[in-house]
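Below is start_17.csv, which holds CSV, C-alpha atoms.
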chain,number,residue,atom,x,y,z
A,1,MET,CA,-33.3,-35.1,-13.2
A,2,THR,CA,-32.9,-32.4,-15.8
A,3,VAL,CA,-30.4,-29.7,-15.4
A,4,LEU,CA,-32.0,-26.3,-16.0
A,5,ALA,CA,-29.1,-24.0,-15.1
A,6,GLU,CA,-25.4,-24.3,-14.3
A,7,ILE,CA,-22.9,-22.1,-12.7
A,8,SER,CA,-19.2,-22.5,-13.5
A,9,GLY,CA,-16.3,-20.8,-12.0
A,10,ASN,CA,-14.0,-20.9,-9.0
A,11,VAL,CA,-15.4,-21.3,-5.5
A,12,ASN,CA,-12.6,-19.1,-4.2
A,13,THR,CA,-14.8,-16.1,-5.3
A,14,ILE,CA,-17.4,-17.1,-2.8
A,15,GLY,CA,-14.7,-17.6,-0.2
A,16,TYR,CA,-13.3,-14.2,-0.8
A,17,GLY,CA,-16.8,-12.7,-0.5
A,18,LEU,CA,-17.2,-14.3,2.9
A,19,ALA,CA,-13.8,-13.3,4.0
A,20,ALA,CA,-14.5,-9.7,3.2
A,21,VAL,CA,-17.5,-9.5,5.6
A,22,GLY,CA,-15.3,-9.3,8.8
A,23,PRO,CA,-13.0,-6.5,7.6
A,24,ALA,CA,-16.0,-4.6,6.2
A,25,ILE,CA,-17.6,-4.6,9.6
A,26,GLY,CA,-14.3,-3.7,11.2
A,27,VAL,CA,-13.7,-0.8,8.8
A,28,ALA,CA,-17.2,0.4,9.4
A,29,LEU,CA,-16.7,0.4,13.2
A,30,ILE,CA,-13.5,2.4,12.9
A,31,PHE,CA,-15.2,5.1,10.8
A,32,VAL,CA,-18.2,5.1,13.2
A,33,ALA,CA,-15.8,5.7,16.1
A,34,TYR,CA,-14.0,8.5,14.2
A,35,ILE,CA,-17.2,10.3,13.2
A,36,ASN,CA,-18.6,9.9,16.7
A,37,SER,CA,-15.5,11.3,18.4
A,38,SER,CA,-15.0,14.1,16.0
A,39,ALA,CA,-18.7,15.1,16.2
A,40,ARG,CA,-18.5,15.2,20.0
A,41,GLN,CA,-15.1,17.0,20.1
A,42,PRO,CA,-14.4,18.6,16.7
A,43,GLU,CA,-10.9,19.9,17.7
A,44,SER,CA,-9.7,16.3,18.2
A,45,ALA,CA,-10.5,15.5,14.5
A,46,GLY,CA,-6.9,16.2,13.3
A,47,TYR,CA,-5.3,14.2,16.1
A,48,ASN,CA,-7.6,11.2,15.5
A,49,ARG,CA,-7.1,11.2,11.7
A,50,THR,CA,-3.7,9.5,12.0
A,51,TRP,CA,-5.1,6.7,14.1
A,52,LEU,CA,-8.1,6.5,11.8
A,53,VAL,CA,-5.9,5.8,8.8
A,54,LEU,CA,-3.7,3.4,10.8
A,55,GLY,CA,-6.6,1.4,12.1
A,56,PHE,CA,-8.2,1.4,8.7
A,57,ALA,CA,-5.0,0.1,7.1
A,58,LEU,CA,-4.5,-2.7,9.7
A,59,VAL,CA,-8.1,-3.9,9.4
A,60,GLU,CA,-8.1,-3.6,5.6
A,61,ALA,CA,-5.1,-5.8,5.4
A,62,LEU,CA,-7.2,-8.8,6.4
A,63,ALA,CA,-9.5,-8.3,3.4
A,64,LEU,CA,-6.5,-8.0,1.2
A,65,PHE,CA,-5.1,-11.2,2.5
A,66,GLY,CA,-8.3,-12.8,1.5
A,67,LEU,CA,-7.9,-11.4,-2.0
A,68,VAL,CA,-4.3,-12.6,-2.3
A,69,LEU,CA,-5.2,-16.1,-1.0
A,70,ALA,CA,-8.2,-16.3,-3.3
A,71,PHE,CA,-5.6,-16.2,-6.1
A,72,ALA,CA,-2.9,-18.1,-4.4
A,73,VAL,CA,-4.9,-21.1,-3.2
A,74,SER,CA,-6.3,-23.0,-6.1
B,1,MET,CA,-7.7,-19.5,-11.8
B,2,SER,CA,-7.2,-20.3,-15.5
B,3,GLY,CA,-4.8,-17.4,-15.9
B,4,ARG,CA,-6.5,-15.9,-18.9
B,5,LEU,CA,-9.5,-13.8,-19.6
B,6,VAL,CA,-12.1,-16.1,-21.2
B,7,ALA,CA,-14.5,-13.3,-21.9
B,8,ALA,CA,-11.8,-11.3,-23.7
B,9,GLU,CA,-11.1,-14.0,-26.3
B,10,GLY,CA,-12.3,-12.0,-29.3
B,11,LEU,CA,-10.6,-8.7,-28.3
B,12,PRO,CA,-7.4,-7.5,-30.0
B,13,TRP,CA,-5.7,-6.8,-26.7
B,14,PRO,CA,-6.2,-9.2,-23.9
B,15,PRO,CA,-3.5,-8.1,-21.5
B,16,SER,CA,-1.3,-11.0,-20.4
B,17,VAL,CA,1.9,-11.6,-18.5
B,18,GLU,CA,3.8,-11.4,-21.7
B,19,ASP,CA,3.2,-7.7,-21.6
B,20,PHE,CA,5.7,-7.4,-18.8
B,21,TYR,CA,8.5,-8.5,-21.0
B,22,LEU,CA,9.8,-6.0,-23.5
B,23,PRO,CA,11.4,-7.0,-26.8
B,24,ASP,CA,14.6,-8.7,-25.9
B,25,VAL,CA,17.2,-6.0,-26.4
B,26,ALA,CA,19.3,-5.9,-23.2
B,27,GLY,CA,18.7,-9.3,-21.6
B,28,PRO,CA,15.7,-10.9,-20.0
B,29,TRP,CA,15.9,-8.9,-16.8
B,30,VAL,CA,15.0,-5.6,-18.4
B,31,THR,CA,11.2,-5.8,-17.9
B,32,LYS,CA,8.5,-3.2,-18.0
B,33,PHE,CA,8.7,-3.0,-14.2
B,34,SER,CA,12.4,-2.5,-13.9
B,35,LEU,CA,12.3,0.3,-16.5
B,36,MET,CA,9.4,1.9,-14.6
B,37,ILE,CA,11.4,1.7,-11.3
B,38,TRP,CA,14.3,3.5,-13.0
B,39,LEU,CA,11.9,6.1,-14.4
B,40,ALA,CA,10.5,6.7,-11.0
B,41,VAL,CA,14.0,7.0,-9.5
B,42,GLY,CA,15.1,9.4,-12.3
B,43,LEU,CA,12.0,11.5,-11.9
B,44,LEU,CA,12.5,11.9,-8.2
B,45,ILE,CA,16.2,12.7,-8.5
B,46,ILE,CA,15.4,15.3,-11.1
B,47,PHE,CA,12.5,16.8,-9.2
B,48,PHE,CA,14.4,17.2,-5.9
B,49,MET,CA,17.6,18.4,-7.6
B,50,ALA,CA,15.8,20.9,-9.7
B,51,THR,CA,13.6,22.3,-6.9
B,52,TYR,CA,16.4,22.5,-4.4
B,53,ARG,CA,19.3,23.6,-6.6
B,54,ASN,CA,19.0,27.2,-5.7
B,55,PRO,CA,16.9,27.4,-2.5
B,56,LYS,CA,15.6,30.8,-1.5
B,57,LEU,CA,14.0,32.3,1.6
B,58,VAL,CA,10.9,33.1,-0.3
B,59,PRO,CA,10.3,29.7,-2.1
B,60,SER,CA,9.6,29.4,-5.8
B,61,LYS,CA,6.7,27.2,-6.9
B,62,GLY,CA,8.8,24.1,-7.3
B,63,GLN,CA,10.7,24.6,-4.0
B,64,TRP,CA,7.4,25.1,-2.3
B,65,MET,CA,6.2,21.7,-3.6
B,66,ALA,CA,9.3,19.9,-2.5
B,67,GLU,CA,9.2,21.6,0.9
B,68,SER,CA,5.6,20.7,1.5
B,69,VAL,CA,6.2,17.1,0.7
B,70,TYR,CA,9.1,17.1,3.1
B,71,GLY,CA,7.1,19.1,5.6
B,72,LEU,CA,4.1,16.7,5.4
B,73,VAL,CA,6.2,13.7,6.0
B,74,ARG,CA,8.3,15.3,8.7
B,75,ASP,CA,5.6,16.9,10.7
B,76,ASN,CA,2.5,14.7,10.1
B,77,ILE,CA,4.2,11.3,9.9
B,78,ALA,CA,7.7,11.2,11.5
B,79,ARG,CA,7.1,13.6,14.4
B,80,GLU,CA,3.7,12.4,15.1
B,81,GLN,CA,4.7,8.7,15.2
B,82,MET,CA,8.2,8.9,16.7
B,83,GLY,CA,8.4,12.2,18.5
B,84,LYS,CA,11.7,14.1,18.3
B,85,ASP,CA,13.6,11.1,17.1
B,86,GLY,CA,11.6,11.1,14.0
B,87,ILE,CA,13.4,14.2,12.5
B,88,ARG,CA,16.5,12.0,12.0
B,89,PHE,CA,14.5,9.6,9.8
B,90,ALA,CA,12.4,12.2,7.9
B,91,PRO,CA,14.6,12.3,4.8
B,92,TYR,CA,14.4,8.6,4.3
B,93,PHE,CA,10.6,8.7,4.9
B,94,THR,CA,10.3,11.5,2.4
B,95,VAL,CA,12.1,9.5,-0.3
B,96,LEU,CA,10.1,6.4,0.6
B,97,PHE,CA,6.8,8.3,0.5
B,98,SER,CA,7.5,10.0,-2.9
B,99,PHE,CA,8.8,6.8,-4.4
B,100,ILE,CA,5.7,4.9,-3.5
B,101,VAL,CA,3.4,7.7,-4.6
B,102,VAL,CA,5.2,7.9,-8.0
B,103,THR,CA,5.2,4.2,-8.6
B,104,ASN,CA,1.6,3.8,-7.5
B,105,LEU,CA,0.5,6.6,-9.8
B,106,PHE,CA,2.1,4.7,-12.7
B,107,GLY,CA,-1.0,2.5,-12.4
B,108,ILE,CA,-3.2,5.1,-14.1
B,109,VAL,CA,-0.7,6.7,-16.4
B,110,PRO,CA,-1.7,5.9,-20.0
B,111,GLY,CA,0.9,3.7,-21.6
B,112,LEU,CA,2.3,2.4,-18.4
B,113,GLN,CA,-1.0,1.3,-16.9
B,114,ILE,CA,0.4,-0.8,-14.1
B,115,SER,CA,2.1,0.0,-10.9
B,116,PRO,CA,5.4,-1.8,-10.2
B,117,ASN,CA,4.0,-2.3,-6.7
B,118,SER,CA,1.5,-4.7,-8.2
B,119,HIS,CA,4.4,-7.1,-8.5
B,120,ILE,CA,5.0,-8.6,-5.1
B,121,ALA,CA,8.8,-8.4,-5.4
B,122,PHE,CA,8.9,-4.6,-5.1
B,123,PRO,CA,6.8,-4.2,-2.0
B,124,ILE,CA,8.7,-7.0,-0.4
B,125,VAL,CA,12.0,-5.1,-0.9
B,126,LEU,CA,10.5,-1.9,0.5
B,127,ALA,CA,9.1,-3.8,3.5
B,128,LEU,CA,12.4,-5.6,4.1
B,129,ILE,CA,14.2,-2.3,4.3
B,130,THR,CA,11.8,-1.2,7.0
B,131,PHE,CA,12.1,-4.6,8.7
B,132,VAL,CA,15.9,-4.5,8.8
B,133,MET,CA,15.9,-0.9,9.8
B,134,TYR,CA,13.6,-1.3,12.9
B,135,LEU,CA,15.5,-4.3,14.1
B,136,TYR,CA,18.9,-2.6,13.6
B,137,VAL,CA,17.8,0.7,15.1
B,138,GLY,CA,16.3,-1.1,18.1
B,139,ALA,CA,19.3,-3.4,18.6
B,140,ARG,CA,21.7,-0.4,18.3
B,141,LYS,CA,19.9,1.7,20.8
B,142,HIS,CA,19.2,-0.9,23.5
B,143,GLY,CA,21.5,-3.7,22.7
B,144,LEU,CA,20.3,-6.9,21.1
B,145,GLY,CA,19.3,-8.7,24.3
B,146,ARG,CA,17.5,-5.8,25.9
B,147,TYR,CA,15.7,-4.9,22.6
B,148,LEU,CA,14.4,-8.5,22.3
B,149,LYS,CA,13.4,-8.6,25.9
B,150,GLN,CA,11.6,-5.2,25.6
B,151,SER,CA,9.8,-6.1,22.5
B,152,LEU,CA,8.8,-9.7,23.4
B,153,ILE,CA,8.0,-9.3,27.1
B,154,ILE,CA,5.0,-7.2,28.0
B,155,PRO,CA,5.4,-5.8,31.5
B,156,GLY,CA,2.7,-6.1,34.1
B,157,VAL,CA,0.9,-9.3,33.1
B,158,PRO,CA,0.6,-12.4,35.3
B,159,TRP,CA,3.5,-14.7,34.5
B,160,PRO,CA,1.6,-17.7,33.1
B,161,MET,CA,0.3,-15.3,30.3
B,162,HIS,CA,3.9,-15.0,29.0
B,163,ILE,CA,3.6,-18.6,27.7
B,164,LEU,CA,1.0,-17.3,25.3
B,165,LEU,CA,2.2,-13.7,24.8
B,166,ILE,CA,5.9,-14.3,24.0
B,167,PRO,CA,5.2,-16.4,20.9
B,168,ILE,CA,2.5,-14.0,19.7
B,169,GLU,CA,4.8,-11.0,20.2
B,170,PHE,CA,7.7,-12.8,18.5
B,171,LEU,CA,5.4,-13.6,15.5
B,172,GLN,CA,4.2,-10.0,15.5
B,173,VAL,CA,7.7,-8.5,15.3
B,174,PHE,CA,9.4,-11.0,13.0
B,175,ALA,CA,6.6,-12.1,10.7
B,176,VAL,CA,3.4,-10.3,10.8
B,177,ARG,CA,4.7,-6.8,10.6
B,178,PRO,CA,6.9,-7.1,7.5
B,179,VAL,CA,4.5,-9.5,5.7
B,180,THR,CA,1.5,-7.3,6.2
B,181,LEU,CA,3.5,-4.2,5.2
B,182,ALA,CA,4.4,-5.8,1.9
B,183,VAL,CA,1.1,-7.6,1.2
B,184,ARG,CA,-1.0,-4.5,2.0
B,185,LEU,CA,0.7,-2.4,-0.7
B,186,PHE,CA,0.9,-5.2,-3.2
B,187,ALA,CA,-2.8,-6.2,-2.8
B,188,ASN,CA,-4.1,-2.7,-3.0
B,189,MET,CA,-2.3,-1.9,-6.2
B,190,PHE,CA,-3.1,-5.4,-7.6
B,191,ALA,CA,-6.8,-5.1,-6.7
B,192,GLY,CA,-6.9,-1.6,-8.2
B,193,HIS,CA,-5.4,-2.8,-11.5
B,194,LEU,CA,-7.8,-5.7,-11.5
B,195,ILE,CA,-10.9,-3.4,-11.0
B,196,LEU,CA,-9.8,-1.1,-13.8
B,197,LEU,CA,-9.3,-4.1,-16.1
B,198,VAL,CA,-12.6,-5.7,-15.2
B,199,PHE,CA,-14.6,-2.5,-16.1
B,200,THR,CA,-12.6,-1.7,-19.2
B,201,ILE,CA,-12.7,-5.2,-20.6
B,202,GLY,CA,-16.3,-5.5,-19.6
B,203,GLY,CA,-17.1,-2.4,-21.5
B,204,PHE,CA,-15.4,-3.7,-24.6
B,205,VAL,CA,-17.1,-7.1,-24.3
B,206,LEU,CA,-20.5,-5.4,-24.1
B,207,LEU,CA,-19.6,-3.2,-27.1
B,208,ALA,CA,-18.7,-6.3,-29.1
B,209,SER,CA,-22.3,-7.6,-28.6
B,210,ASP,CA,-24.6,-7.6,-31.6
B,211,ASN,CA,-27.6,-6.3,-29.6
B,212,ILE,CA,-27.9,-2.5,-29.7
B,213,PHE,CA,-29.2,-2.2,-26.1
B,214,ILE,CA,-26.3,-4.3,-24.7
B,215,GLN,CA,-23.9,-2.1,-26.7
B,216,ALA,CA,-25.5,1.0,-25.2
B,217,SER,CA,-25.1,-0.3,-21.7
B,218,SER,CA,-21.3,-0.5,-22.2
B,219,ILE,CA,-21.3,3.3,-21.5
B,220,PHE,CA,-21.9,2.5,-17.8
B,221,ALA,CA,-18.9,0.2,-17.7
B,222,PHE,CA,-16.7,2.9,-19.2
B,223,ILE,CA,-18.0,5.6,-16.8
B,224,MET,CA,-17.3,3.2,-13.9
B,225,ALA,CA,-13.8,2.6,-15.3
B,226,ILE,CA,-13.1,6.4,-15.4
B,227,MET,CA,-14.5,6.8,-11.8
B,228,MET,CA,-12.3,4.0,-10.6
B,229,ALA,CA,-9.3,5.6,-12.2
B,230,PHE,CA,-9.8,8.7,-10.0
B,231,PHE,CA,-10.5,6.4,-7.0
B,232,GLU,CA,-7.1,4.9,-7.7
B,233,VAL,CA,-5.4,8.2,-7.3
B,234,LEU,CA,-6.8,8.4,-3.8
B,235,VAL,CA,-5.7,4.8,-3.1
B,236,ALA,CA,-2.2,5.5,-4.4
B,237,LEU,CA,-1.7,8.5,-2.0
B,238,LEU,CA,-3.4,6.7,0.9
B,239,GLN,CA,-1.3,3.6,0.6
B,240,ALA,CA,1.9,5.5,0.4
B,241,TYR,CA,0.8,7.4,3.5
B,242,VAL,CA,-0.1,4.2,5.3
B,243,PHE,CA,3.1,2.5,4.4
B,244,VAL,CA,5.3,5.3,5.6
B,245,THR,CA,3.1,5.8,8.7
B,246,LEU,CA,3.4,2.2,9.7
B,247,SER,CA,7.2,2.2,9.0
B,248,ALA,CA,7.5,5.2,11.3
B,249,ASN,CA,5.4,3.5,13.9
B,250,TYR,CA,7.5,0.3,13.9
B,251,ILE,CA,10.8,2.2,14.0
B,252,GLY,CA,9.4,4.4,16.7
B,253,SER,CA,8.3,1.5,18.8
B,254,SER,CA,11.8,0.0,18.7
B,255,LEU,CA,13.3,3.3,19.7
B,256,ALA,CA,10.9,3.8,22.6
B,257,THR,CA,12.4,3.4,26.0
B,258,GLU,CA,9.4,1.7,27.6
B,259,HIS,CA,7.0,-0.7,26.1

Please, can you express the file's structure as structure tokens?
Amino acid sequence: MTVLAEISGNVNTIGYGLAAVGPAIGVALIFVAYINSSARQPESAGYNRTWLVLGFALVEALALFGLVLAFAVS
Amino acid sequence: MSGRLVAAEGLPWPPSVEDFYLPDVAGPWVTKFSLMIWLAVGLLIIFFMATYRNPKLVPSKGQWMAESVYGLVRDNIAREQMGKDGIRFAPYFTVLFSFIVVTNLFGIVPGLQISPNSHIAFPIVLALITFVMYLYVGARKHGLGRYLKQSLIIPGVPWPMHILLIPIEFLQVFAVRPVTLAVRLFANMFAGHLILLVFTIGGFVLLASDNIFIQASSIFAFIMAIMMAFFEVLVALLQAYVFVTLSANYIGSSLATEH
């Protein structure tokens, strides 16, 4: 069988791509909830912003763990 | 990872780990990072001393800047997360916030080009300070036993659930919180540095091609690198805010009287 094309590199890259799916959905849900709530009740936007950033940071940490582990595990 | 940039082989400046080490003048521990930390500390001391040397009722421009940083941290972070107790911690949070902002912004300052927070050691120290602080503050307010009981045992759940919940809460308080705090800051600055590097080096690699069309397309890589540099400003401020907010949240939760 003749080899027509070849891909070289580290499989961790694919792993990180997969690992980023979950946090991406999570961050999206958080922003959806924030936009929804502040569209329904605009005066609550300022109060909710703290929790938006907090929730965003907590979920984003998972994606960043993926990034760190993609480098650490070889 | 192979630890070097294969694509950048022909370039005059493939950045490497050796760049961290300056010419050996004062011993091996004087690295680029430690000098940048001293620079940040010096800048902050000079800034707050200069703006607050002669405070007036009608603030000057500098005093207004220092006051709005302090006001932001005190009102929007400390008081919001910890209630009235937060005022006591506001000076520490202000210093922490401005220190992280300055060190993060080093990532896009020409000549420095890397944030000390992209070295895991520095976020670990910052997170350890918060970790020790919330344990100490909680233990001093409630006593060690009551503090542990309060933070490990969630009231109002059926007792068999405690077999599951106590280890989870223990892990949460003693491992997950400090580790995520450190890794979040580290990974954000590291990823930002990597993104800037990918687009800049990609641009130079495209420019080094012998095809005129490929050379022309390097402009997109450079535009992307410039846009990402501005995006990094946002990330730097956001991560400082997040770090301080989470620290305030953790300290506030060990001060709270009920779970």

Compile a residue-level contact table for chain B against chain A at a cut-off of 7 Å, reporting for every qualifying residue the shortest atom pair and its distance in Å to one decimal, with only C-alpha atoms counted, rows ordered by chain and ascending number, as a tab-separated table.
residue	atom	partner	partner_atom	distance
B:Met1	CA	A:Ser74	CA	6.8
B:Thr180	CA	A:Ala61	CA	6.8
B:Arg184	CA	A:Ala61	CA	5.5
B:Ala187	CA	A:Leu64	CA	5.7
B:Val242	CA	A:Leu54	CA	6.6

For the residues in the current selection, export C-alpha atoms as a PDB file, in the frame of the given file.
ATOM      1  CA  MET B   1      -7.700 -19.500 -11.800  1.00  0.00           C
ATOM      2  CA  THR B 180       1.500  -7.300   6.200  1.00  0.00           C
ATOM      3  CA  ARG B 184      -1.000  -4.500   2.000  1.00  0.00           C
ATOM      4  CA  ALA B 187      -2.800  -6.200  -2.800  1.00  0.00           C
ATOM      5  CA  VAL B 242      -0.100   4.200   5.300  1.00  0.00           C
TER       6      VAL B 242
END

Write out as an mmCIF file with C-alpha atoms, keeping the file's coordinate frame each polymer residue whose atoms come within 10 Å of Ile25 of chain A, counting only C-alpha atoms; drop sequence neighbours fewer than 5 positions from it.
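The resulting selection-v7.cif:
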data_model
loop_
_atom_site.group_PDB
_atom_site.id
_atom_site.type_symbol
_atom_site.label_atom_id
_atom_site.label_comp_id
_atom_site.auth_asym_id
_atom_site.auth_seq_id
_atom_site.Cartn_x
_atom_site.Cartn_y
_atom_site.Cartn_z
ATOM 1 C CA ALA A 20 -14.500 -9.700 3.200
ATOM 2 C CA ILE A 30 -13.500 2.400 12.900
ATOM 3 C CA VAL A 59 -8.100 -3.900 9.400
#

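Nearest residue to Val69 of chain B among B:Thr51, B:Asn117, B:Gln81, B:Ser218 is B:Thr51, counting only C-alpha atoms.
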
Report, in Å to a single decimal, how far apart atom CA of Ala5 of chain A and atom CA of Ile212 of chain B are. 26.0 Å

One-decimal distance in Å that lies between atom CA of Ala66 of chain B and atom CA of Tyr52 of chain B: 7.8 Å

Segment 44-47 of chain B surroundings by only C-alpha atoms, 10 Å radius, close-in-sequence under 6 positions cut, as number ranges by chain: B: 38, 53, 62-63, 65-66, 95, 98-99, 102

Compare A:Leu52, A:Ala45, A:Val3, A:Val11 by their minimum atom-to-atom distance to Gly26 of chain A, counting all atoms listed in the file, and give me the closest one.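 Between A:Leu52, A:Ala45, A:Val3, A:Val11, the residue approaching Gly26 of chain A most closely is A:Leu52.
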
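Computed from the coordinates, the atom CA of Val198 of chain B to atom CA of Ile214 of chain B distance equals 16.7 Å.
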
Residue with smallest distance to Lys149 of chain B - pool B:Glu169, B:Ile251, B:Phe106, B:Phe131, counting all atoms listed in the file: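 Using all atoms listed in the file, Lys149 of chain B sits closest to B:Glu169.
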
Could you name the residues that touch Ala221 of chain B at 12 Å or less, counting only C-alpha atoms, but leaving out those on the same chain fewer than 5 positions away, as number ranges by chain? B: 195-207, 214-216, 226-228

Residues at most 8 Å from Val101 of chain B, counting all atoms listed in the file, excluding those fewer than 4 positions away in the same chain, as a PyMOL selection string? chain B and resi 97+105+236-237+240
